[in-house]
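Shown here: input.txt, compact mmCIF, C-alpha atoms and all ligand atoms.
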# COMPACT_ATOMS: atom_id res chain seq x y z
CA MET E 1 98.37 121.03 63.81
CA ARG E 2 100.96 119.77 66.29
CA SER E 3 104.38 121.36 66.42
CA ILE E 4 107.04 119.32 68.18
CA CYS E 5 110.56 120.36 69.16
CA VAL E 6 112.90 117.39 69.65
CA MET E 7 115.56 118.69 72.02
CA ASN E 8 118.36 117.73 74.36
CA GLN E 9 121.59 119.70 74.59
CA LYS E 10 123.52 116.45 74.78
CA GLY E 11 124.71 114.98 71.51
CA GLY E 12 124.27 111.35 70.57
CA VAL E 13 121.09 110.72 72.55
CA GLY E 14 118.83 109.98 69.57
CA LYS E 15 117.36 113.38 68.61
CA THR E 16 117.97 113.00 64.89
CA THR E 17 117.09 109.31 64.73
CA THR E 18 113.86 110.07 66.57
CA SER E 19 112.97 113.19 64.55
CA VAL E 20 113.47 111.41 61.23
CA ASN E 21 111.70 108.16 62.07
CA LEU E 22 108.89 109.88 63.90
CA ALA E 23 108.32 112.20 60.93
CA ALA E 24 108.54 109.29 58.47
CA GLY E 25 106.25 107.08 60.58
CA LEU E 26 103.60 109.81 60.90
CA ALA E 27 103.79 110.43 57.14
CA LYS E 28 103.28 106.71 56.49
CA GLN E 29 100.13 106.98 58.56
CA GLY E 30 98.86 109.64 56.18
CA ARG E 31 99.73 112.72 58.21
CA ARG E 32 101.26 115.66 56.34
CA VAL E 33 104.58 116.26 58.03
CA CYS E 34 107.26 118.93 57.69
CA LEU E 35 110.59 118.09 59.33
CA ILE E 36 112.77 121.14 59.97
CA ASP E 37 116.46 120.36 60.39
CA LEU E 38 117.92 122.93 62.79
CA ASP E 39 121.30 121.26 63.28
CA PRO E 40 124.19 122.68 61.20
CA GLN E 41 125.43 119.09 60.86
CA GLY E 42 122.46 118.46 58.57
CA HIS E 43 122.04 114.84 59.68
CA SER E 44 118.25 114.78 59.41
CA SER E 45 118.42 116.05 55.86
CA LEU E 46 121.03 113.44 54.89
CA HIS E 47 119.12 110.70 56.69
CA LEU E 48 116.19 111.28 54.35
CA GLY E 49 118.39 111.45 51.27
CA VAL E 50 118.30 115.24 50.96
CA ASP E 51 121.74 116.55 50.21
CA ALA E 52 121.86 120.20 51.14
CA PHE E 53 125.33 120.99 49.95
CA GLY E 54 125.99 123.36 47.08
CA GLN E 55 123.20 125.54 45.75
CA THR E 56 120.26 124.01 47.61
CA PRO E 57 118.52 126.64 49.77
CA THR E 58 118.35 125.72 53.44
CA ILE E 59 116.92 126.81 56.78
CA TYR E 60 119.88 129.20 56.95
CA ASP E 61 118.30 131.23 54.12
CA VAL E 62 115.01 131.31 56.03
CA LEU E 63 116.58 132.50 59.29
CA SER E 64 118.63 135.11 57.48
CA GLY E 65 115.47 136.40 55.79
CA THR E 66 116.22 135.69 52.12
CA LYS E 67 113.85 132.75 51.55
CA THR E 68 110.56 131.42 52.88
CA LEU E 69 110.04 127.92 54.27
CA ALA E 70 107.72 127.22 51.33
CA GLU E 71 110.60 127.93 48.95
CA VAL E 72 113.10 125.81 50.86
CA LYS E 73 111.11 122.70 51.77
CA GLN E 74 111.71 119.56 49.72
CA LEU E 75 109.52 116.52 49.26
CA ALA E 76 111.35 113.50 50.73
CA ALA E 77 108.54 110.89 50.59
CA ASP E 78 104.74 110.76 50.36
CA HIS E 79 103.35 113.33 52.81
CA LEU E 80 106.85 114.10 54.11
CA TRP E 81 108.70 117.36 53.50
CA VAL E 82 112.13 118.31 54.80
CA VAL E 83 113.57 121.76 55.34
CA PRO E 84 117.28 120.98 55.04
CA SER E 85 120.18 122.46 56.89
CA ASP E 86 123.87 122.76 56.19
CA LEU E 87 127.01 124.05 57.85
CA ASP E 88 126.18 127.70 57.06
CA LEU E 89 123.69 127.46 59.89
CA ALA E 90 126.59 127.32 62.35
CA ALA E 91 127.10 131.05 61.69
CA THR E 92 123.50 131.97 62.52
CA GLU E 93 124.16 132.23 66.24
CA VAL E 94 126.70 135.01 65.66
CA GLU E 95 124.99 136.67 62.70
CA LEU E 96 121.73 137.17 64.58
CA VAL E 97 123.34 138.62 67.68
CA ASP E 98 122.12 142.17 66.98
CA THR E 99 118.83 141.23 65.33
CA PRO E 100 115.83 142.29 67.40
CA GLY E 101 113.34 139.46 67.85
CA ARG E 102 115.89 136.88 66.75
CA GLU E 103 114.21 134.25 68.95
CA LEU E 104 110.99 134.52 66.95
CA ILE E 105 112.16 134.30 63.33
CA LEU E 106 111.26 130.64 62.84
CA ARG E 107 107.89 131.10 64.45
CA GLY E 108 106.97 133.84 61.97
CA ALA E 109 108.22 131.69 59.10
CA VAL E 110 106.15 128.68 60.21
CA GLU E 111 103.03 130.85 60.64
CA ARG E 112 103.45 132.02 57.03
CA LEU E 113 104.09 128.48 55.80
CA ILE E 114 100.96 126.97 57.30
CA GLN E 115 98.74 129.69 55.88
CA GLN E 116 99.50 128.29 52.41
CA HIS E 117 100.38 124.67 53.19
CA PRO E 118 98.41 122.96 55.92
CA PHE E 119 100.52 120.41 57.79
CA ASP E 120 99.40 118.02 60.50
CA TYR E 121 102.81 117.94 62.15
CA ILE E 122 105.87 120.17 62.23
CA VAL E 123 108.84 118.32 63.75
CA MET E 124 112.01 120.26 64.60
CA ASP E 125 115.32 118.46 65.08
CA CYS E 126 117.48 120.63 67.35
CA PRO E 127 121.26 120.92 67.57
CA PRO E 128 123.04 119.78 70.75
CA SER E 129 122.99 123.19 72.43
CA LEU E 130 120.59 125.62 74.08
CA GLY E 131 121.51 128.49 71.76
CA VAL E 132 119.44 130.65 69.42
CA LEU E 133 118.51 127.77 67.09
CA THR E 134 117.01 125.70 69.89
CA ILE E 135 115.31 128.80 71.31
CA ASN E 136 113.74 129.43 67.88
CA ALA E 137 112.39 125.87 67.92
CA LEU E 138 111.03 126.35 71.46
CA THR E 139 109.20 129.55 70.56
CA THR E 140 107.68 127.84 67.51
CA ALA E 141 106.63 124.56 69.13
CA LYS E 142 103.69 123.77 71.36
CA GLU E 143 105.30 120.54 72.51
CA VAL E 144 108.78 119.41 73.48
CA PHE E 145 109.92 115.81 73.18
CA ILE E 146 113.13 114.92 74.98
CA PRO E 147 115.05 111.86 73.83
CA LEU E 148 117.13 110.46 76.63
CA GLN E 149 119.72 107.74 76.66
CA PRO E 150 119.27 106.03 80.01
CA HIS E 151 122.85 105.61 81.08
CA PHE E 152 125.17 106.96 83.77
CA LEU E 153 124.78 110.77 83.99
CA ALA E 154 121.70 110.73 81.72
CA LEU E 155 119.88 113.14 84.01
CA GLN E 156 122.84 115.45 84.37
CA GLY E 157 122.04 118.66 82.54
CA MET E 158 118.32 117.93 82.55
CA SER E 159 117.61 120.73 85.01
CA LYS E 160 119.27 123.24 82.67
CA LEU E 161 117.20 121.89 79.80
CA PHE E 162 113.99 122.10 81.82
CA GLU E 163 114.83 125.64 83.05
CA THR E 164 115.24 126.72 79.44
CA THR E 165 111.74 125.49 78.59
CA ALA E 166 110.39 127.35 81.64
CA LEU E 167 112.15 130.55 80.61
CA VAL E 168 110.82 130.37 77.06
CA LYS E 169 107.33 129.62 78.34
CA ARG E 170 107.45 132.63 80.67
CA ARG E 171 108.87 135.13 78.20
CA LEU E 172 108.04 134.01 74.68
CA ASN E 173 105.62 131.11 74.33
CA ARG E 174 102.97 130.62 76.97
CA ASP E 175 101.60 127.50 75.24
CA LEU E 176 104.84 125.53 75.54
CA LYS E 177 104.81 122.21 77.33
CA VAL E 178 107.18 119.29 77.64
CA SER E 179 104.84 116.52 76.61
CA GLY E 180 107.04 113.50 76.15
CA ILE E 181 110.28 111.85 77.18
CA ILE E 182 111.54 109.12 74.87
CA LEU E 183 113.99 106.53 76.13
CA CYS E 184 116.39 105.86 73.26
CA LEU E 185 119.30 103.46 72.87
CA TYR E 186 117.56 101.42 75.52
CA GLU E 187 119.38 98.41 76.92
CA THR E 188 116.64 96.07 78.02
CA ALA E 189 118.97 93.93 80.10
CA THR E 190 120.27 96.66 82.38
CA ARG E 191 119.06 97.61 85.81
CA LEU E 192 120.43 101.12 85.21
CA ALA E 193 117.77 101.95 82.63
CA ALA E 194 115.03 101.05 85.10
CA ASP E 195 116.71 103.09 87.87
CA ILE E 196 116.95 106.16 85.69
CA THR E 197 113.31 105.82 84.67
CA ASP E 198 112.36 105.69 88.38
CA ASP E 199 114.45 108.81 89.14
CA LEU E 200 112.77 110.63 86.29
CA ILE E 201 109.28 109.69 87.45
CA ARG E 202 110.12 110.95 90.95
CA PHE E 203 111.50 114.19 89.55
CA LEU E 204 108.36 114.81 87.47
CA GLU E 205 106.06 114.04 90.38
CA GLN E 206 107.86 116.49 92.67
CA SER E 207 107.82 119.34 90.16
CA ASP E 208 106.06 122.66 90.53
CA PRO E 209 102.51 122.30 89.13
CA GLN E 210 103.14 125.34 86.92
CA ALA E 211 106.28 123.88 85.34
CA PRO E 212 105.99 123.16 81.61
CA TRP E 213 107.14 119.57 82.23
CA LYS E 214 104.71 118.81 85.03
CA ASN E 215 102.54 116.56 82.85
CA ALA E 216 105.32 115.11 80.73
CA LYS E 217 104.77 111.48 79.86
CA ILE E 218 107.56 108.97 79.61
CA PHE E 219 106.48 107.13 76.49
CA ASP E 220 105.78 103.43 77.04
CA SER E 221 107.54 102.65 73.77
CA ARG E 222 111.25 102.29 74.45
CA ILE E 223 113.62 102.55 71.51
CA ARG E 224 115.99 99.64 71.85
CA ARG E 225 119.53 99.71 70.55
CA ASN E 226 119.37 98.34 67.02
CA ILE E 227 122.15 98.40 64.46
CA LYS E 228 119.68 98.96 61.59
CA LEU E 229 118.86 102.37 63.08
CA ALA E 230 122.53 103.29 62.90
CA GLU E 231 122.91 101.96 59.35
CA SER E 232 119.84 103.53 57.75
CA PRO E 233 121.16 107.15 57.53
CA SER E 234 123.92 106.10 55.12
CA PHE E 235 121.24 104.80 52.77
CA GLY E 236 119.21 108.00 52.94
CA GLN E 237 116.20 106.04 54.20
CA SER E 238 113.99 105.99 57.26
CA ILE E 239 113.99 102.75 59.25
CA PHE E 240 110.58 101.88 57.75
CA ASP E 241 112.04 101.78 54.25
CA TYR E 242 115.49 100.47 55.15
CA ALA E 243 114.59 97.62 57.53
CA PRO E 244 110.82 97.41 58.04
CA LYS E 245 111.04 94.18 60.03
CA SER E 246 113.77 95.33 62.42
CA SER E 247 113.22 95.97 66.11
CA GLY E 248 114.05 99.63 65.38
CA ALA E 249 111.10 99.85 62.96
CA MET E 250 108.83 98.15 65.50
CA ASP E 251 109.87 100.47 68.31
CA TYR E 252 109.39 103.63 66.26
CA ALA E 253 106.06 102.31 64.91
CA ALA E 254 104.93 101.81 68.49
CA LEU E 255 106.01 105.35 69.37
CA VAL E 256 104.11 106.73 66.37
CA SER E 257 101.01 104.83 67.56
CA GLU E 258 101.32 106.34 71.02
CA ILE E 259 101.62 109.81 69.56
CA LEU E 260 98.67 109.32 67.23
CA ALA E 261 96.63 108.11 70.19
CA THR E 262 97.08 111.52 71.82
CA GLU E 263 95.82 113.45 68.78
CA MET E 264 92.89 115.57 69.89
CA GLY E 265 89.59 113.92 69.19
CA VAL E 266 91.09 111.16 67.06
CA MET E 267 91.73 107.70 68.40
CA SER E 268 94.04 106.02 65.93
CA GLN E 269 94.21 102.36 65.13
CA PRO E 270 97.17 100.72 66.84
CA ILE E 271 99.83 99.68 64.39
CA PRO E 272 100.44 95.93 64.56
CA VAL E 273 103.98 95.48 65.76
CA THR E 274 104.71 92.40 63.67
CA THR E 275 104.19 94.05 60.29
CA PRO E 276 105.85 97.05 58.70
CA VAL E 277 104.04 100.37 58.91
CA ALA E 278 101.78 100.93 55.88
CA ALA E 279 104.13 99.01 53.61
P1 LIG V 1 121.63 113.14 68.31
O1 LIG V 1 120.84 113.70 67.17
O2 LIG V 1 120.98 113.35 69.64
O3 LIG V 1 123.05 113.60 68.31
P2 LIG V 1 121.51 110.64 66.85
O4 LIG V 1 120.08 110.34 66.60
O5 LIG V 1 122.30 111.20 65.72
O6 LIG V 1 121.67 111.55 68.15
O7 LIG V 1 122.19 109.29 67.37
C1 LIG V 1 123.58 109.22 67.66
C2 LIG V 1 124.16 107.97 67.00
O8 LIG V 1 123.56 106.81 67.54
C3 LIG V 1 123.90 107.91 65.50
O9 LIG V 1 125.00 107.31 64.88
C4 LIG V 1 122.67 107.02 65.38
O10 LIG V 1 122.63 106.34 64.13
C5 LIG V 1 122.87 106.05 66.54
N1 LIG V 1 121.59 105.63 67.12
C6 LIG V 1 120.57 106.39 67.55
N2 LIG V 1 119.59 105.65 68.09
C7 LIG V 1 120.00 104.34 68.00
C8 LIG V 1 119.44 103.08 68.41
N3 LIG V 1 118.25 103.01 69.01
N4 LIG V 1 120.16 101.97 68.15
C9 LIG V 1 121.38 102.04 67.55
N5 LIG V 1 121.96 103.17 67.16
C10 LIG V 1 121.29 104.33 67.38
MG MG V 2 121.30 115.18 65.77

Can the structure from this file be put into structure tokens for me?
Amino acid sequence: MRSICVMNQKGGVGKTTTSVNLAAGLAKQGRRVCLIDLDPQGHSSLHLGVDAFGQTPTIYDVLSGTKTLAEVKQLAADHLWVVPSDLDLAATEVELVDTPGRELILRGAVERLIQQHPFDYIVMDCPPSLGVLTINALTTAKEVFIPLQPHFLALQGMSKLFETTALVKRRLNRDLKVSGIILCLYETATRLAADITDDLIRFLEQSDPQAPWKNAKIFDSRIRRNIKLAESPSFGQSIFDYAPKSSGAMDYAALVSEILATEMGVMSQPIPVTTPVAA
């Protein structure tokens, strides 16, 4: 099983869009996927048509110890489950302040979940902060994916983000590694995007060999700006269902292919970019 934390403390860089479409794309390729929404805004849940308002149990109930993930997860599509979130989760940071081991609650919950329900992928969509919710995702994950919008100041704050992964690796999760950087909202025509990619490559090359990001790969698939990606959440659909022929669907299908190609011992078939994924 692969467990992936999609993080960046900046908002609006493509975390949710990537988490949802990655999870949906992997599920369309037959992988059993559980997407855990860790953002109190609940955008991942809504994006997949799961409305977590009212009586629906959410990740908040799991972190506060009243429900298990198995009880809270909902089927959103074939092979795809979502653990929804809602605004209650915003209180978790404060409520857990005196709880010993508060950084490890999600990890325990996921360990219990996978004993009963084997998943191929757990994908965690993080909020735009480095607080206790993101730390819970980092202690649970083996891999970190960082979506990045290559624009002015894109790399600002990256060192804080990287230091956080190093701290969690040292103290709480020795297996943690930053395995991928995903360029989102990519403007193909701009020189700036290429410059930022070069800066990032240089930064990775110069890093301490022990750093969790030392072998991070900048994915070849770039997610171009595409209006269909921005429209699809309002229809409660992934890009593959909402606009399977769009450039957004092609870009995320290509990313899914790259990720499948790094599955241990399995070389996947490349997904043809001209046709929708497993329509
Ligand atoms: P985050 O979760 O990091 O805050 P989101 O994934 O919610 O970022 O993206 C921020 C906004 O940009 C959303 O309205 C989303 O629909 C839009 N968006 C994300 N990626 C793209 C893209 N490649 N093309 C066009 N719009 C995008
Ligand atoms: Mg988000």

>> Give me, as a PyMOL selection string, all polymer residues having an atom no more than 9 Å from Gly180 (chain E), counting only C-alpha atoms and skipping those fewer than 4 positions away in the same chain.
In response: chain E and resi 143-147+213+215-219

Mind checking which residues fall within 9 Å of region 148-158 of chain E, counting only C-alpha atoms, ignoring those fewer than 2 positions away in the same chain, and posting them as a PDB file with C-alpha atoms, keeping the file's coordinate frame?
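Produced file around-v4.pdb, reproduced below:
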ATOM      1  CA  ASN E   8     118.360 117.730  74.360  1.00  0.00           C
ATOM      2  CA  GLN E   9     121.590 119.700  74.590  1.00  0.00           C
ATOM      3  CA  LYS E  10     123.520 116.450  74.780  1.00  0.00           C
ATOM      4  CA  GLY E  12     124.270 111.350  70.570  1.00  0.00           C
ATOM      5  CA  VAL E  13     121.090 110.720  72.550  1.00  0.00           C
ATOM      6  CA  GLY E  14     118.830 109.980  69.570  1.00  0.00           C
ATOM      7  CA  LYS E  15     117.360 113.380  68.610  1.00  0.00           C
ATOM      8  CA  ILE E 146     113.130 114.920  74.980  1.00  0.00           C
ATOM      9  CA  LYS E 160     119.270 123.240  82.670  1.00  0.00           C
ATOM     10  CA  LEU E 161     117.200 121.890  79.800  1.00  0.00           C
ATOM     11  CA  PHE E 162     113.990 122.100  81.820  1.00  0.00           C
ATOM     12  CA  GLU E 163     114.830 125.640  83.050  1.00  0.00           C
ATOM     13  CA  ILE E 181     110.280 111.850  77.180  1.00  0.00           C
ATOM     14  CA  ILE E 182     111.540 109.120  74.870  1.00  0.00           C
ATOM     15  CA  LEU E 183     113.990 106.530  76.130  1.00  0.00           C
ATOM     16  CA  CYS E 184     116.390 105.860  73.260  1.00  0.00           C
ATOM     17  CA  LEU E 185     119.300 103.460  72.870  1.00  0.00           C
ATOM     18  CA  TYR E 186     117.560 101.420  75.520  1.00  0.00           C
ATOM     19  CA  GLU E 187     119.380  98.410  76.920  1.00  0.00           C
ATOM     20  CA  LEU E 192     120.430 101.120  85.210  1.00  0.00           C
ATOM     21  CA  ALA E 193     117.770 101.950  82.630  1.00  0.00           C
ATOM     22  CA  ALA E 194     115.030 101.050  85.100  1.00  0.00           C
ATOM     23  CA  ASP E 195     116.710 103.090  87.870  1.00  0.00           C
ATOM     24  CA  ILE E 196     116.950 106.160  85.690  1.00  0.00           C
ATOM     25  CA  THR E 197     113.310 105.820  84.670  1.00  0.00           C
ATOM     26  CA  ASP E 199     114.450 108.810  89.140  1.00  0.00           C
ATOM     27  CA  LEU E 200     112.770 110.630  86.290  1.00  0.00           C
TER      28      LEU E 200
END

>> Taking all atoms listed in the file into account, which residues have an atom no farther than 9 Å from ligand MG 2 (chain V)? I'd like them as a PyMOL selection string.
In response: chain E and resi 11-17+19+37-39+41-44+125-128

>> Quick check, in Å to one decimal: how far apart do atom O10 of ligand LIG 1 (chain V) and CA of His47 (chain E) lie?
In response: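 About the pair atom O10 of ligand LIG 1 (chain V) and CA of His47 (chain E): they are 9.3 Å apart.
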
> With distances taken over only C-alpha atoms and all ligand atoms, which of E:Val50, E:Leu255, E:Val6, E:Leu204 is nearest to ligand LIG 1 (chain V)?
Replying inline: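 Residue with the minimum atom-to-atom distance to ligand LIG 1 (chain V): E:Val6.
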
> From the list E:Thr140, E:Asp208, E:Gly54, E:Thr18, which residue is nearest Ile105 (chain E) when using all atoms listed in the file?
Replying inline: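 Counting all atoms listed in the file, the residue closest to Ile105 (chain E) is E:Thr140.
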
Could you give me the centre and size, in Å to one decimal, of an axis-aligned box around all listed atoms of region 73-86 of chain E with 8 Å added on every side, as AutoDock Vina command-line options?
--center_x 113.6 --center_y 116.8 --center_z 53.1 --size_x 36.5 --size_y 28.0 --size_z 23.6

Neighbouring residues of Gln210 (chain E) were defined as those with any atom within 12 Å, considering all atoms listed in the file; residues of the same chain fewer than 3 positions away were excluded. Please report them as a compact mmCIF listing (two decimals) with C-alpha atoms, in the coordinates of the input.
# COMPACT_ATOMS: atom_id res chain seq x y z
CA THR E 165 111.74 125.49 78.59
CA ALA E 166 110.39 127.35 81.64
CA LYS E 169 107.33 129.62 78.34
CA ARG E 170 107.45 132.63 80.67
CA ARG E 174 102.97 130.62 76.97
CA ASP E 175 101.60 127.50 75.24
CA LEU E 176 104.84 125.53 75.54
CA LYS E 177 104.81 122.21 77.33
CA VAL E 178 107.18 119.29 77.64
CA LEU E 204 108.36 114.81 87.47
CA GLN E 206 107.86 116.49 92.67
CA SER E 207 107.82 119.34 90.16
CA TRP E 213 107.14 119.57 82.23
CA LYS E 214 104.71 118.81 85.03
CA ASN E 215 102.54 116.56 82.85

> Which neighbours of Ala23 (chain E) fall inside 7 Å, counting all atoms listed in the file, when residues of the same chain fewer than 5 positions from it are skipped, and could you give them as a PyMOL selection string?
Replying inline: chain E and resi 33+35+123

>> Residues within 7 Å of Lys73 (chain E), please, as a list of chain:residue names. Count only C-alpha atoms; anything in the same chain fewer than 4 positions from it doesn't count.
In response: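 Close residues of Lys73 (chain E): E:Leu69, E:Trp81, E:Val82, E:Val83.
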
> Could you work out how far CA of Pro233 (chain E) lies from atom O6 of ligand LIG 1 (chain V), giving the answer in Å with one decimal?
Replying inline: 11.5 Å

> What does the distance between CA of Gly49 (chain E) and CA of Glu93 (chain E) come to in Å, to one decimal place?
Replying inline: 26.3 Å
